[in-house]
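Undergrad: Structure: model_31.cif, mmCIF, C-alpha atoms.
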```cif
data_coords
#
loop_
_atom_site.label_atom_id
_atom_site.label_comp_id
_atom_site.auth_asym_id
_atom_site.auth_seq_id
_atom_site.Cartn_x
_atom_site.Cartn_y
_atom_site.Cartn_z
CA MET A 1 133.03 53.97 123.01
CA ASN A 2 133.90 57.45 124.11
CA GLU A 3 131.72 58.57 127.03
CA ALA A 4 130.71 61.70 125.11
CA LYS A 5 127.24 61.41 123.64
CA ARG A 6 126.03 64.77 122.39
CA LEU A 7 127.93 66.00 119.36
CA VAL A 8 127.43 69.23 117.40
CA VAL A 9 129.04 69.00 113.96
CA ALA A 10 129.77 72.12 111.92
CA LEU A 11 130.24 71.24 108.25
CA GLY A 12 132.66 73.33 106.22
CA GLY A 13 132.15 74.31 102.60
CA ASN A 14 134.20 71.37 101.28
CA ALA A 15 131.55 69.07 102.75
CA LEU A 16 129.00 70.56 100.35
CA GLU A 17 130.97 71.41 97.22
CA GLU A 18 134.07 70.40 95.28
CA LYS A 19 136.02 73.04 93.37
CA SER A 20 136.48 70.67 90.42
CA LEU A 21 132.73 70.28 89.92
CA PRO A 22 130.24 72.79 88.51
CA PRO A 23 128.36 74.79 91.20
CA THR A 24 125.03 73.11 90.54
CA ALA A 25 122.43 71.60 92.85
CA GLU A 26 123.11 68.21 91.27
CA SER A 27 126.84 68.44 92.00
CA GLN A 28 126.15 69.53 95.56
CA LEU A 29 123.91 66.54 96.16
CA ASP A 30 126.62 64.20 94.84
CA VAL A 31 129.14 65.72 97.26
CA VAL A 32 126.67 65.62 100.16
CA LYS A 33 126.01 61.93 99.54
CA ARG A 34 129.69 61.25 100.17
CA THR A 35 129.85 63.65 103.11
CA VAL A 36 127.02 62.06 105.06
CA GLU A 37 128.72 58.65 105.06
CA TYR A 38 131.05 60.03 107.74
CA LEU A 39 128.15 61.52 109.72
CA ALA A 40 126.28 58.24 109.54
CA ASP A 41 129.34 56.47 110.94
CA LEU A 42 129.33 58.87 113.91
CA SER A 43 125.64 58.20 114.50
CA VAL A 44 126.14 54.42 114.37
CA LYS A 45 128.85 54.77 117.01
CA GLY A 46 126.20 56.11 119.38
CA TYR A 47 126.64 59.86 119.15
CA GLU A 48 123.54 62.03 119.16
CA LEU A 49 124.08 64.56 116.38
CA ALA A 50 123.07 68.08 115.60
CA ILE A 51 124.42 69.38 112.30
CA ALA A 52 125.28 72.95 111.35
CA HIS A 53 126.56 73.94 107.93
CA GLY A 54 127.88 76.88 105.98
CA ASN A 55 126.16 78.57 103.04
CA GLY A 56 128.65 81.14 101.74
CA PRO A 57 128.82 80.02 98.09
CA GLN A 58 125.16 79.00 97.96
CA VAL A 59 123.63 82.17 99.40
CA GLY A 60 125.94 84.20 97.19
CA ARG A 61 124.64 82.45 94.08
CA ILE A 62 121.03 82.82 95.22
CA VAL A 63 121.58 86.56 95.67
CA LEU A 64 123.26 86.85 92.27
CA ALA A 65 120.44 84.94 90.56
CA SER A 66 117.82 87.05 92.31
CA GLU A 67 119.53 90.29 91.33
CA ALA A 68 120.08 89.14 87.76
CA ALA A 69 116.35 88.44 87.38
CA ALA A 70 115.23 91.69 89.01
CA ASN A 71 113.73 92.93 85.74
CA VAL A 72 111.47 89.86 85.70
CA THR A 73 110.63 89.35 89.38
CA PRO A 74 111.52 91.39 92.49
CA ALA A 75 114.89 90.54 94.04
CA MET A 76 114.72 88.75 97.37
CA PRO A 77 116.16 90.40 100.52
CA PHE A 78 119.41 88.93 101.81
CA ASP A 79 117.81 87.28 104.86
CA VAL A 80 115.24 85.56 102.62
CA CYS A 81 118.07 84.29 100.42
CA GLY A 82 119.67 82.87 103.58
CA ALA A 83 116.44 81.07 104.42
CA MET A 84 116.30 79.66 100.89
CA SER A 85 119.84 78.33 101.25
CA GLN A 86 118.96 76.67 104.57
CA GLY A 87 116.06 74.94 102.87
CA TYR A 88 117.84 73.44 99.90
CA ILE A 89 121.09 72.55 101.67
CA GLY A 90 119.15 70.99 104.53
CA TYR A 91 117.00 69.07 102.06
CA HIS A 92 120.09 67.54 100.46
CA ILE A 93 121.67 66.63 103.80
CA GLN A 94 118.54 65.10 105.30
CA GLN A 95 117.73 63.10 102.18
CA ALA A 96 121.25 61.73 101.80
CA LEU A 97 121.84 61.12 105.52
CA ARG A 98 118.55 59.27 105.96
CA PHE A 99 119.57 56.88 103.17
CA ALA A 100 123.10 56.45 104.60
CA LEU A 101 121.63 55.55 107.99
CA GLN A 102 119.17 53.11 106.47
CA LYS A 103 122.06 51.33 104.73
CA ARG A 104 123.52 50.81 108.18
CA GLY A 105 120.28 49.45 109.59
CA LYS A 106 119.46 52.62 111.52
CA ASN A 107 116.09 54.33 111.12
CA THR A 108 116.81 57.63 112.87
CA PRO A 109 114.70 60.54 111.60
CA VAL A 110 116.59 63.48 110.08
CA VAL A 111 114.99 66.90 109.87
CA SER A 112 116.06 70.38 108.72
CA LEU A 113 114.89 73.29 110.83
CA VAL A 114 114.70 76.78 109.34
CA THR A 115 116.49 78.61 112.13
CA GLN A 116 116.65 82.27 113.10
CA VAL A 117 119.47 83.63 115.24
CA VAL A 118 119.20 86.93 117.09
CA VAL A 119 122.05 89.41 116.63
CA ASP A 120 122.63 92.86 118.11
CA LYS A 121 121.63 95.61 115.68
CA ASN A 122 124.51 97.68 117.11
CA ASP A 123 127.10 94.94 116.55
CA PRO A 124 130.24 96.67 115.19
CA ALA A 125 130.43 94.00 112.48
CA PHE A 126 127.80 95.92 110.54
CA GLN A 127 130.33 98.74 110.12
CA LYS A 128 133.12 96.38 108.99
CA PRO A 129 131.97 93.54 106.71
CA THR A 130 134.29 90.50 106.79
CA LYS A 131 132.28 87.38 105.88
CA PRO A 132 133.02 85.96 102.40
CA ILE A 133 130.03 84.85 100.32
CA GLY A 134 129.53 83.69 96.77
CA PRO A 135 132.12 82.73 94.14
CA PHE A 136 135.78 83.66 93.91
CA TYR A 137 136.82 86.49 91.58
CA SER A 138 140.05 87.90 90.26
CA GLU A 139 141.05 91.19 91.84
CA GLU A 140 139.98 93.01 88.68
CA GLU A 141 136.53 91.37 88.66
CA ALA A 142 136.05 92.06 92.37
CA LYS A 143 136.95 95.74 92.07
CA LYS A 144 134.53 96.06 89.15
CA LEU A 145 131.70 94.61 91.27
CA GLN A 146 132.61 96.98 94.05
CA ALA A 147 132.41 99.96 91.71
CA GLU A 148 129.23 98.90 89.90
CA LYS A 149 127.17 97.38 92.71
CA GLY A 150 128.64 98.89 95.86
CA PHE A 151 129.70 95.49 97.23
CA SER A 152 132.39 95.20 99.86
CA VAL A 153 135.12 92.88 98.53
CA LYS A 154 138.24 91.38 100.09
CA GLU A 155 140.99 88.93 99.29
CA ASP A 156 140.17 85.58 100.95
CA ALA A 157 143.11 83.70 102.50
CA GLY A 158 145.15 83.55 99.30
CA ARG A 159 142.35 81.85 97.35
CA GLY A 160 140.99 84.84 95.41
CA TRP A 161 138.64 87.77 95.93
CA ARG A 162 135.06 87.50 97.21
CA ARG A 163 132.18 89.68 98.24
CA VAL A 164 132.00 90.18 102.00
CA VAL A 165 129.06 91.05 104.26
CA ALA A 166 128.67 91.78 107.95
CA SER A 167 129.21 88.85 110.32
CA PRO A 168 127.65 89.76 113.68
CA MET A 169 127.96 87.57 116.77
CA PRO A 170 125.11 85.11 117.44
CA LYS A 171 123.22 85.98 120.63
CA ARG A 172 120.25 83.63 120.78
CA ILE A 173 118.83 80.76 118.72
CA VAL A 174 115.14 81.50 118.32
CA GLU A 175 114.08 77.89 117.62
CA LEU A 176 116.26 76.41 120.38
CA SER A 177 113.33 74.87 122.28
CA ALA A 178 112.33 72.95 119.14
CA VAL A 179 115.91 71.69 118.69
CA LYS A 180 115.95 70.47 122.30
CA GLU A 181 112.58 68.77 121.88
CA LEU A 182 113.79 66.88 118.81
CA PHE A 183 117.35 66.15 119.87
CA ASP A 184 116.92 62.87 121.76
CA THR A 185 115.13 61.11 118.90
CA THR A 186 116.10 63.00 115.73
CA ILE A 187 119.20 64.24 113.95
CA VAL A 188 118.53 67.96 113.58
CA ILE A 189 120.08 70.11 110.86
CA THR A 190 119.93 73.61 112.31
CA VAL A 191 121.54 77.09 112.29
CA GLY A 192 122.26 76.50 108.60
CA GLY A 193 124.63 79.12 107.26
CA GLY A 194 124.97 80.36 110.83
CA GLY A 195 121.23 80.90 111.10
CA ILE A 196 119.07 83.61 109.54
CA PRO A 197 120.26 86.80 111.27
CA VAL A 198 117.44 88.74 112.90
CA VAL A 199 117.27 91.66 115.30
CA GLU A 200 114.69 91.88 118.05
CA ARG A 201 112.68 95.06 118.35
CA GLU A 202 111.51 96.45 121.68
CA ASP A 203 108.03 95.04 121.01
CA GLY A 204 109.53 91.56 120.54
CA ILE A 205 109.05 91.41 116.77
CA LEU A 206 111.97 89.88 114.86
CA GLU A 207 113.31 91.47 111.68
CA GLY A 208 115.78 89.95 109.23
CA VAL A 209 119.00 91.81 108.44
CA ALA A 210 121.57 91.62 105.62
CA ALA A 211 124.38 89.61 107.18
CA VAL A 212 125.85 86.12 107.47
CA ILE A 213 126.56 84.75 110.93
CA ASP A 214 129.68 82.63 111.01
CA LYS A 215 128.46 79.02 111.08
CA ASP A 216 131.23 77.92 113.47
CA LEU A 217 130.22 80.55 116.04
CA ALA A 218 126.54 79.63 115.58
CA ALA A 219 127.42 75.96 116.05
CA GLU A 220 129.27 76.89 119.23
CA ARG A 221 126.22 78.81 120.48
CA LEU A 222 124.15 75.69 119.79
CA ALA A 223 126.66 73.39 121.49
CA GLU A 224 126.58 75.55 124.62
CA ASP A 225 122.80 75.74 124.68
CA ILE A 226 122.17 72.01 124.32
CA ASP A 227 125.04 71.11 126.67
CA ALA A 228 126.94 69.14 124.03
CA ASP A 229 129.88 66.95 124.98
CA ILE A 230 131.87 67.76 121.85
CA LEU A 231 131.88 70.60 119.37
CA MET A 232 133.39 69.28 116.14
CA ILE A 233 134.30 71.79 113.44
CA LEU A 234 135.01 70.11 110.11
CA THR A 235 137.14 71.82 107.50
CA GLU A 236 139.54 71.02 104.65
CA VAL A 237 142.57 70.20 106.79
CA GLU A 238 143.12 67.48 109.36
CA LYS A 239 144.70 69.77 111.96
CA VAL A 240 145.10 73.42 112.84
CA SER A 241 148.56 74.64 111.92
CA LEU A 242 150.98 77.38 112.79
CA ASN A 243 152.71 79.03 109.83
CA PHE A 244 150.17 77.45 107.48
CA LYS A 245 151.56 76.56 104.02
CA LYS A 246 155.02 77.81 104.99
CA PRO A 247 158.20 75.71 105.17
CA ASP A 248 158.05 75.73 108.97
CA GLN A 249 154.36 74.71 109.21
CA LYS A 250 153.61 73.01 112.53
CA ASP A 251 150.46 70.94 112.98
CA LEU A 252 148.80 71.08 116.40
CA ASP A 253 147.43 67.99 118.18
CA HIS A 254 146.15 69.22 121.55
CA ILE A 255 146.29 72.80 122.76
CA THR A 256 144.87 74.69 125.69
CA VAL A 257 142.66 77.75 125.47
CA ALA A 258 145.57 79.89 126.66
CA GLU A 259 147.82 78.55 123.89
CA ALA A 260 145.11 79.08 121.26
CA GLU A 261 144.58 82.67 122.40
CA ARG A 262 148.31 83.33 122.21
CA TYR A 263 148.47 81.94 118.67
CA ILE A 264 145.60 84.24 117.68
CA GLU A 265 147.47 87.24 119.08
CA GLU A 266 150.51 86.19 117.05
CA GLY A 267 148.36 86.26 113.89
CA HIS A 268 148.62 82.61 112.89
CA PHE A 269 145.00 82.17 111.75
CA ALA A 270 143.40 83.85 108.74
CA PRO A 271 140.20 85.87 109.31
CA GLY A 272 137.26 84.34 107.47
CA SER A 273 139.06 81.00 107.39
CA MET A 274 140.69 79.27 110.39
CA LEU A 275 140.35 82.19 112.84
CA PRO A 276 136.58 81.86 113.51
CA LYS A 277 136.98 78.10 113.91
CA VAL A 278 139.60 78.53 116.62
CA GLN A 279 137.58 81.32 118.25
CA ALA A 280 134.49 79.09 118.34
CA ALA A 281 136.52 76.23 119.82
CA ILE A 282 137.90 78.54 122.51
CA ARG A 283 134.42 79.78 123.44
CA PHE A 284 133.10 76.23 123.82
CA ALA A 285 136.09 75.00 125.82
CA LYS A 286 135.75 77.98 128.18
CA SER A 287 132.02 77.46 128.65
CA HIS A 288 132.34 73.69 129.21
CA PRO A 289 135.50 72.91 131.20
CA GLY A 290 136.29 69.22 130.91
CA LYS A 291 134.70 68.95 127.48
CA GLN A 292 136.43 69.43 124.17
CA ALA A 293 136.28 71.19 120.86
CA ILE A 294 137.81 69.41 117.87
CA ILE A 295 138.88 70.91 114.56
CA THR A 296 139.59 68.36 111.84
CA SER A 297 138.70 67.26 108.32
CA LEU A 298 135.49 65.53 107.38
CA TYR A 299 137.44 62.42 106.43
CA LYS A 300 139.00 62.16 109.90
CA ALA A 301 135.80 62.81 111.88
CA VAL A 302 135.47 59.28 113.28
CA ASP A 303 139.19 59.08 114.10
CA ALA A 304 138.98 62.48 115.78
CA VAL A 305 136.27 61.52 118.28
CA GLU A 306 138.44 58.51 119.15
CA GLY A 307 141.45 60.75 119.80
CA LYS A 308 143.38 59.63 116.71
CA ALA A 309 143.22 62.80 114.61
CA GLY A 310 142.44 66.48 114.62
CA THR A 311 143.30 69.40 116.87
CA VAL A 312 141.68 69.23 120.31
CA ILE A 313 141.21 72.44 122.29
CA THR A 314 140.42 72.27 126.00
CA MET A 315 140.76 74.46 129.08
#
```
Since I need it in another form, could you write the structure as structure tokens?
TA:
Amino acid sequence: MNEAKRLVVALGGNALEEKSLPPTAESQLDVVKRTVEYLADLSVKGYELAIAHGNGPQVGRIVLASEAAANVTPAMPFDVCGAMSQGYIGYHIQQALRFALQKRGKNTPVVSLVTQVVVDKNDPAFQKPTKPIGPFYSEEEAKKLQAEKGFSVKEDAGRGWRRVVASPMPKRIVELSAVKELFDTTIVITVGGGGIPVVEREDGILEGVAAVIDKDLAAERLAEDIDADILMILTEVEKVSLNFKKPDQKDLDHITVAEAERYIEEGHFAPGSMLPKVQAAIRFAKSHPGKQAIITSLYKAVDAVEGKAGTVITM
């Protein structure tokens, strides 16, 4: 098999939900059961996995539910809602993945780790929210939420309008030593939703903040810190494209960091969608010359590590 052994997988939203299904916990579990079949195949091929995942729709619904019930029980702070989303998404992944592995005759433990990630309290992202969370709205619905609740809202890559929050850069994974301790024997689900964003005070105490760290950038931070061989970012499309959804769309197979940076400057990748994925891939490729970042779809994950699919970004 491929010489690469350590693989950090960042699961996109389509790996947790389907638009045609109701946004319930039961539906999510059904989708996750199908998703983990591909992760189990990677594990059986000998890759040591760490799994990161998004939480945009889930944390948005948790916040909405908490706010809607505020007259019955106090609303939860945003960072606490993020922790709640880590817990229930991780629970679904670890339950389903453990069963998928057992079907393949593999008894590897799977564990979810509630993970904090330190961000800079002065990060300019706090002044310019960009990270979509929660459900999609029409423009009229979004503007109404903005007026009534003070939310920041933006149009999201042609798919509708969503609430947006700050998306600061991940600086340090607080529970990294635990991830390293577990990694050789256990599949670890960590930095869920990009990690719970916390700032570090001068006395060393950590405090949660209202933000969502991009899960692809958090996965890249993790891949650097555990010296992964491959950072794999899974999304809805098989390959990164130029002129996406236009008549002259061009799918990319293998590009260098310099080419990827040029395409970013030319504005080919949508913020909040493909842009952070390419940025994360660039960061990993720069930090680990000779290793690779792959962006592909969940369904092509096994083919991608074998060089048969996806967009590979290297130095």
Undergrad: Check what the PyMOL selection byres ((chain A and resi 203-208) around 9) selects in the file above and give those residues as a list in words.
TA: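 On this input, the PyMOL selection byres ((chain A and resi 203-208) around 9) captures Pro77, Phe78, Asp79, Val80, Gln116, Val118, Ile196, Pro197, Val198, Val199, Glu200, Arg201, Glu202, Val209, Ala210 and Ala211 of chain A.
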Undergrad: Which residues, written as a ChimeraX atom specification, have at least one atom at most 8 Å from A:Glu17, with all atoms listed in the file counted and residues fewer than 4 positions away on the same chain left out?
TA: /A:13,21,23,27-28,31-32
Undergrad: For A:Lys300, please output as an NGL selection string all residues within 9 Å (counting all atoms listed in the file; exclusion window: fewer than 6 positions along the same chain).
TA: :A and (38 or 234 or 238 or 308-310)
Undergrad: Hey, which of A:Ala70, A:Gln146, A:Asn243, A:Gln292 ends up closest to A:Val8? Count only C-alpha atoms.
TA: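 Checking each candidate against A:Val8, we get A:Gln292 as the closest.
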Undergrad: Given the file shown, enumerate the residues that the PyMOL selection byres ((chain A and resi 139) around 12) captures and present them as a ChimeraX atom specification.
TA: /A:136-138,140-146,153-156,158-163
Undergrad: Selection in question (the file shown): the PyMOL selection byres ((chain A and resi 257-273) around 6). Which residues does it include, as a ChimeraX atom specification?
TA: /A:242,256,274-275,282,314-315
Undergrad: Return the single residue from A:Lys171, A:Lys5, A:Lys246, A:Arg61 that is closest to A:Lys121, with distances computed using all atoms listed in the file.
TA: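 Checking each of A:Lys171, A:Lys5, A:Lys246, A:Arg61 against A:Lys121, counting all atoms listed in the file, the winner is A:Lys171.
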Undergrad: Using all atoms listed in the file, which residue out of A:Phe126, A:Phe183, A:Phe151, A:Tyr47 lies closest to A:Val110?
TA: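 Answer, going by the shortest atom-to-atom distance: A:Phe183.
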Undergrad: Extract, using only C-alpha atoms, all DNA, RNA and protein residues at most 7 Å from A:Gly192, discarding same-chain residues fewer than 2 positions from it, and format them as a list in words.
TA: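 What passes the distance filter is Ala52, His53, Gly54, Gln86, Thr190, Gly194 and Gly195 of chain A.
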Undergrad: Of the candidates A:Asn55, A:Asn122, A:Ser66, A:Asn71, which one gets nearest to A:Val191 if we count all atoms listed in the file?
TA: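 Comparing A:Asn55, A:Asn122, A:Ser66, A:Asn71 against A:Val191, the winner is A:Asn55.
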Undergrad: Using all atoms listed in the file, pick whichever of A:Asp253, A:Glu236, A:Asp123, A:Asp248 has the shortest atom-to-atom distance to A:Ser297.
TA: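 When distances to A:Ser297 are compared using all atoms listed in the file, the smallest one comes from A:Glu236.
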Undergrad: Edge lengths and centre, in Å to one decimal, as lines of an AutoDock Vina configuration file: that's what I need for the box along x, y and z that holds all listed atoms of stretch 103-116 of chain A plus 6 Å on each side.
TA:
```
center_x = 119.1
center_y = 65.9
center_z = 108.9
size_x = 20.8
size_y = 44.8
size_z = 20.4
```
Undergrad: Can you tell me how far atom CA of A:Ala10 sits from atom CA of A:Ile233, in Å to one decimal?
TA: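 A separation of 4.8 Å between them.
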